[in-house]
Amino acid sequence: MTGLRRRSATALVYGAVVVAAILAPAPVFGLLLLVALVLGARELIALRGAGAAVVIEGALLVVGLVSLLVLRSAGASLNAHGWDAAAPAWLLLAVLPTWAADVAAYAAGSLFGRRKIAPRISPGKTWEGSIAGVGVAAIAAFGVGAFFGLPRASVALVVVAIGPAALAGDLFESYLKRRVGAKDSGALLPGHGGVLDRIDSLIAVAPLVTVALYLASSLG
């Protein structure tokens, strides 16, 4: 199986598991987050040679996963389209644009990428791919917000900041790995590396969307 096929197959399985957990009862989603916490912590222990960067990534892992749980609990609150409160609108506002950014950045970088954004930290990441990822993340966030009728001010915050937040989360985790000379944080996910490699952007985005949620609550 080629690298692209292996990566695509893993992404499909991973995506199916996450979507199933999002749509399942809340305890199932909570269990998935607990598994991610345990596996992520194990990977951080293996990367402990990176020093203070591991502590920062560990704090981001905890805050990010807790934020995802908060977003799942918020359901579709404050929506303007009459959605059932159980619909995971705020959680999807974090997850779908982050996934869209990852796919767009990978595709654009592979096809058109020429200029490296941070060659010493993430040699495969290009300006072309990163700009595509940021743009697609903004479009996806706007689409999710409009579909569920979420508060405009909060959606605007997410639209502007979600792409840069996802990129920053990805680059920081890459910096951590380069500090210890590791290509991936683990080998659990074929073609993707470890759990941290898969959720590095999401755990940076989730707190941002949680801030947007509380902004909407305070203004509403």
# chains A, B, ... in the order shown; residues from 1 in each chain; ligands from 1

$ residues_around --residues "Leu92 (chain A)" --least-positions-apart "2" --cutoff "9 Å" --atoms "only C-alpha atoms" --output "list of chain:residue names"
A:Ile22, A:Leu71, A:Arg72, A:Pro88, A:Ala89, A:Trp90, A:Ala94, A:Val95, A:Leu96, A:Pro97, A:Ala141, A:Val144

$ write_last_selection --atoms "all heavy atoms" --output "PDB file, in the first residue's frame"
ATOM      1  N   ILE A  22     -18.955  11.202  18.355  1.00  0.00           N
ATOM      2  CA  ILE A  22     -19.645  12.488  18.474  1.00  0.00           C
ATOM      3  C   ILE A  22     -21.158  12.296  18.481  1.00  0.00           C
ATOM      4  O   ILE A  22     -21.881  12.955  19.241  1.00  0.00           O
ATOM      5  CB  ILE A  22     -19.236  13.411  17.306  1.00  0.00           C
ATOM      6  CG1 ILE A  22     -17.795  13.890  17.492  1.00  0.00           C
ATOM      7  CG2 ILE A  22     -20.173  14.618  17.204  1.00  0.00           C
ATOM      8  CD1 ILE A  22     -17.258  14.695  16.327  1.00  0.00           C
ATOM      9  N   LEU A  71     -17.592  21.561  24.641  1.00  0.00           N
ATOM     10  CA  LEU A  71     -18.290  21.833  23.381  1.00  0.00           C
ATOM     11  C   LEU A  71     -19.325  20.764  23.077  1.00  0.00           C
ATOM     12  O   LEU A  71     -20.415  21.063  22.574  1.00  0.00           O
ATOM     13  CB  LEU A  71     -17.278  21.933  22.240  1.00  0.00           C
ATOM     14  CG  LEU A  71     -16.285  23.099  22.328  1.00  0.00           C
ATOM     15  CD1 LEU A  71     -15.250  23.002  21.224  1.00  0.00           C
ATOM     16  CD2 LEU A  71     -17.012  24.432  22.262  1.00  0.00           C
ATOM     17  N   ARG A  72     -18.994  19.509  23.384  1.00  0.00           N
ATOM     18  CA  ARG A  72     -19.968  18.417  23.189  1.00  0.00           C
ATOM     19  C   ARG A  72     -21.171  18.611  24.106  1.00  0.00           C
ATOM     20  O   ARG A  72     -22.322  18.383  23.696  1.00  0.00           O
ATOM     21  CB  ARG A  72     -19.281  17.074  23.471  1.00  0.00           C
ATOM     22  CG  ARG A  72     -20.205  15.854  23.477  1.00  0.00           C
ATOM     23  CD  ARG A  72     -20.813  15.625  22.100  1.00  0.00           C
ATOM     24  NE  ARG A  72     -21.568  14.383  22.037  1.00  0.00           N
ATOM     25  CZ  ARG A  72     -22.775  14.189  22.534  1.00  0.00           C
ATOM     26  NH1 ARG A  72     -23.386  15.198  23.141  1.00  0.00           N
ATOM     27  NH2 ARG A  72     -23.395  13.030  22.414  1.00  0.00           N
ATOM     28  N   PRO A  88     -24.623  18.404  18.067  1.00  0.00           N
ATOM     29  CA  PRO A  88     -23.275  18.826  18.504  1.00  0.00           C
ATOM     30  C   PRO A  88     -22.706  19.975  17.668  1.00  0.00           C
ATOM     31  O   PRO A  88     -21.615  19.880  17.115  1.00  0.00           O
ATOM     32  CB  PRO A  88     -22.457  17.540  18.331  1.00  0.00           C
ATOM     33  CG  PRO A  88     -23.106  16.852  17.171  1.00  0.00           C
ATOM     34  CD  PRO A  88     -24.584  17.144  17.296  1.00  0.00           C
ATOM     35  N   ALA A  89     -23.442  21.075  17.588  1.00  0.00           N
ATOM     36  CA  ALA A  89     -23.064  22.172  16.692  1.00  0.00           C
ATOM     37  C   ALA A  89     -21.710  22.779  17.061  1.00  0.00           C
ATOM     38  O   ALA A  89     -20.851  22.983  16.204  1.00  0.00           O
ATOM     39  CB  ALA A  89     -24.151  23.246  16.723  1.00  0.00           C
ATOM     40  N   TRP A  90     -21.520  23.100  18.339  1.00  0.00           N
ATOM     41  CA  TRP A  90     -20.280  23.759  18.754  1.00  0.00           C
ATOM     42  C   TRP A  90     -19.082  22.835  18.612  1.00  0.00           C
ATOM     43  O   TRP A  90     -17.978  23.274  18.258  1.00  0.00           O
ATOM     44  CB  TRP A  90     -20.411  24.265  20.182  1.00  0.00           C
ATOM     45  CG  TRP A  90     -21.337  25.440  20.294  1.00  0.00           C
ATOM     46  CD1 TRP A  90     -22.658  25.422  20.644  1.00  0.00           C
ATOM     47  CD2 TRP A  90     -21.019  26.808  20.015  1.00  0.00           C
ATOM     48  NE1 TRP A  90     -23.181  26.685  20.598  1.00  0.00           N
ATOM     49  CE2 TRP A  90     -22.198  27.562  20.232  1.00  0.00           C
ATOM     50  CE3 TRP A  90     -19.861  27.464  19.619  1.00  0.00           C
ATOM     51  CZ2 TRP A  90     -22.240  28.936  20.057  1.00  0.00           C
ATOM     52  CZ3 TRP A  90     -19.893  28.851  19.442  1.00  0.00           C
ATOM     53  CH2 TRP A  90     -21.077  29.572  19.659  1.00  0.00           C
ATOM     54  N   ALA A  94     -15.592  23.122  15.848  1.00  0.00           N
ATOM     55  CA  ALA A  94     -14.160  22.907  16.093  1.00  0.00           C
ATOM     56  C   ALA A  94     -13.597  21.811  15.210  1.00  0.00           C
ATOM     57  O   ALA A  94     -12.525  21.960  14.605  1.00  0.00           O
ATOM     58  CB  ALA A  94     -13.925  22.567  17.563  1.00  0.00           C
ATOM     59  N   VAL A  95     -14.310  20.702  15.090  1.00  0.00           N
ATOM     60  CA  VAL A  95     -13.767  19.511  14.437  1.00  0.00           C
ATOM     61  C   VAL A  95     -13.730  19.638  12.916  1.00  0.00           C
ATOM     62  O   VAL A  95     -12.682  19.398  12.285  1.00  0.00           O
ATOM     63  CB  VAL A  95     -14.574  18.259  14.842  1.00  0.00           C
ATOM     64  CG1 VAL A  95     -14.116  17.037  14.037  1.00  0.00           C
ATOM     65  CG2 VAL A  95     -14.414  17.989  16.335  1.00  0.00           C
ATOM     66  N   LEU A  96     -14.850  19.991  12.295  1.00  0.00           N
ATOM     67  CA  LEU A  96     -14.918  19.963  10.834  1.00  0.00           C
ATOM     68  C   LEU A  96     -13.960  20.957  10.160  1.00  0.00           C
ATOM     69  O   LEU A  96     -13.250  20.582   9.211  1.00  0.00           O
ATOM     70  CB  LEU A  96     -16.356  20.195  10.370  1.00  0.00           C
ATOM     71  CG  LEU A  96     -17.355  19.091  10.750  1.00  0.00           C
ATOM     72  CD1 LEU A  96     -18.727  19.386  10.144  1.00  0.00           C
ATOM     73  CD2 LEU A  96     -16.864  17.716  10.311  1.00  0.00           C
ATOM     74  N   PRO A  97     -13.882  22.222  10.598  1.00  0.00           N
ATOM     75  CA  PRO A  97     -12.916  23.120   9.974  1.00  0.00           C
ATOM     76  C   PRO A  97     -11.467  22.682  10.179  1.00  0.00           C
ATOM     77  O   PRO A  97     -10.622  22.880   9.296  1.00  0.00           O
ATOM     78  CB  PRO A  97     -13.183  24.465  10.661  1.00  0.00           C
ATOM     79  CG  PRO A  97     -14.615  24.380  11.097  1.00  0.00           C
ATOM     80  CD  PRO A  97     -14.781  22.950  11.519  1.00  0.00           C
ATOM     81  N   ALA A 141     -15.647  26.904   8.768  1.00  0.00           N
ATOM     82  CA  ALA A 141     -16.197  27.440  10.020  1.00  0.00           C
ATOM     83  C   ALA A 141     -17.418  28.307   9.741  1.00  0.00           C
ATOM     84  O   ALA A 141     -18.435  28.226  10.451  1.00  0.00           O
ATOM     85  CB  ALA A 141     -15.131  28.252  10.753  1.00  0.00           C
ATOM     86  N   VAL A 144     -20.330  25.898   8.874  1.00  0.00           N
ATOM     87  CA  VAL A 144     -20.915  25.225  10.044  1.00  0.00           C
ATOM     88  C   VAL A 144     -21.730  26.214  10.865  1.00  0.00           C
ATOM     89  O   VAL A 144     -22.854  25.919  11.293  1.00  0.00           O
ATOM     90  CB  VAL A 144     -19.817  24.589  10.918  1.00  0.00           C
ATOM     91  CG1 VAL A 144     -20.406  24.049  12.223  1.00  0.00           C
ATOM     92  CG2 VAL A 144     -19.116  23.463  10.161  1.00  0.00           C
TER      93      VAL A 144
END

$ select_by_dssp --residues "region 69-213 of chain A" --states "alpha helix (DSSP H)" --output "VMD selection string"
chain A and resid 69 to 74 89 to 112 127 to 148 152 to 179 195 to 213

$ residues_around --residues "Ala86 (chain A)" --least-positions-apart "6" --cutoff "12 Å" --atoms "only C-alpha atoms" --output "list of chain:residue names"
A:Ile22, A:Leu23, A:Ala24, A:Pro25, A:Ala26, A:Leu71, A:Arg72, A:Ser73, A:Ala74, A:Gly75, A:Ala76, A:Ser77, A:Leu78, A:Asn79

$ write_last_selection --atoms "C-alpha atoms" --output "PDB file, in the first residue's frame"
ATOM      1  CA  ILE A  22     -19.645  12.488  18.474  1.00  0.00           C
ATOM      2  CA  LEU A  23     -23.082  11.163  17.535  1.00  0.00           C
ATOM      3  CA  ALA A  24     -23.133   8.583  20.333  1.00  0.00           C
ATOM      4  CA  PRO A  25     -24.290   9.324  23.903  1.00  0.00           C
ATOM      5  CA  ALA A  26     -22.025  11.736  25.787  1.00  0.00           C
ATOM      6  CA  LEU A  71     -18.290  21.833  23.381  1.00  0.00           C
ATOM      7  CA  ARG A  72     -19.968  18.417  23.189  1.00  0.00           C
ATOM      8  CA  SER A  73     -22.011  19.286  26.287  1.00  0.00           C
ATOM      9  CA  ALA A  74     -23.049  22.642  24.785  1.00  0.00           C
ATOM     10  CA  GLY A  75     -24.817  20.873  21.927  1.00  0.00           C
ATOM     11  CA  ALA A  76     -26.514  23.396  19.647  1.00  0.00           C
ATOM     12  CA  SER A  77     -27.216  25.975  22.332  1.00  0.00           C
ATOM     13  CA  LEU A  78     -27.769  29.588  21.240  1.00  0.00           C
ATOM     14  CA  ASN A  79     -28.595  28.540  17.681  1.00  0.00           C
TER      15      ASN A  79
END

$ closest_residue --among "A:Val195, A:Ala11, A:Val70, A:Leu167" --to "Ser122 (chain A)" --atoms "only C-alpha atoms"
A:Leu167

$ residues_around --residues "Arg48 (chain A)" --least-positions-apart "4" --cutoff "12 Å" --atoms "only C-alpha atoms" --output "PyMOL selection string"
chain A and resi 41-44+52-58+176-177+179-182+185

$ residues_around --residues "Leu189 (chain A)" --least-positions-apart "5" --cutoff "10 Å" --atoms "only C-alpha atoms" --output "PyMOL selection string"
chain A and resi 6-7+10-11+13-14+194-195+197-198

$ write_last_selection --atoms "N, CA and C atoms" --output "PDB file, in the first residue's frame"
ATOM      1  N   ARG A   6      -2.240   4.487   2.375  1.00  0.00           N
ATOM      2  CA  ARG A   6      -2.213   4.138   3.796  1.00  0.00           C
ATOM      3  C   ARG A   6      -2.699   5.303   4.646  1.00  0.00           C
ATOM      4  N   ARG A   7      -2.245   6.503   4.324  1.00  0.00           N
ATOM      5  CA  ARG A   7      -2.674   7.686   5.059  1.00  0.00           C
ATOM      6  C   ARG A   7      -4.175   7.913   4.918  1.00  0.00           C
ATOM      7  N   THR A  10      -6.187   5.236   6.909  1.00  0.00           N
ATOM      8  CA  THR A  10      -6.153   5.540   8.338  1.00  0.00           C
ATOM      9  C   THR A  10      -7.065   6.708   8.675  1.00  0.00           C
ATOM     10  N   ALA A  11      -7.043   7.750   7.825  1.00  0.00           N
ATOM     11  CA  ALA A  11      -7.879   8.923   8.060  1.00  0.00           C
ATOM     12  C   ALA A  11      -9.362   8.562   8.025  1.00  0.00           C
ATOM     13  N   VAL A  13     -10.746   5.612   8.730  1.00  0.00           N
ATOM     14  CA  VAL A  13     -11.083   4.844   9.932  1.00  0.00           C
ATOM     15  C   VAL A  13     -11.137   5.772  11.144  1.00  0.00           C
ATOM     16  N   TYR A  14     -10.126   6.615  11.269  1.00  0.00           N
ATOM     17  CA  TYR A  14     -10.082   7.564  12.384  1.00  0.00           C
ATOM     18  C   TYR A  14     -11.307   8.484  12.361  1.00  0.00           C
ATOM     19  N   GLY A 194       1.499   9.264  15.654  1.00  0.00           N
ATOM     20  CA  GLY A 194       0.845   8.994  16.927  1.00  0.00           C
ATOM     21  C   GLY A 194      -0.428   9.794  17.113  1.00  0.00           C
ATOM     22  N   VAL A 195      -1.011   9.658  18.295  1.00  0.00           N
ATOM     23  CA  VAL A 195      -2.245  10.380  18.618  1.00  0.00           C
ATOM     24  C   VAL A 195      -2.017  11.891  18.584  1.00  0.00           C
ATOM     25  N   ASP A 197       0.101  13.522  16.847  1.00  0.00           N
ATOM     26  CA  ASP A 197       0.220  13.958  15.461  1.00  0.00           C
ATOM     27  C   ASP A 197      -1.148  14.180  14.825  1.00  0.00           C
ATOM     28  N   ARG A 198      -2.147  13.431  15.275  1.00  0.00           N
ATOM     29  CA  ARG A 198      -3.478  13.510  14.694  1.00  0.00           C
ATOM     30  C   ARG A 198      -4.309  14.625  15.326  1.00  0.00           C
TER      31      ARG A 198
END
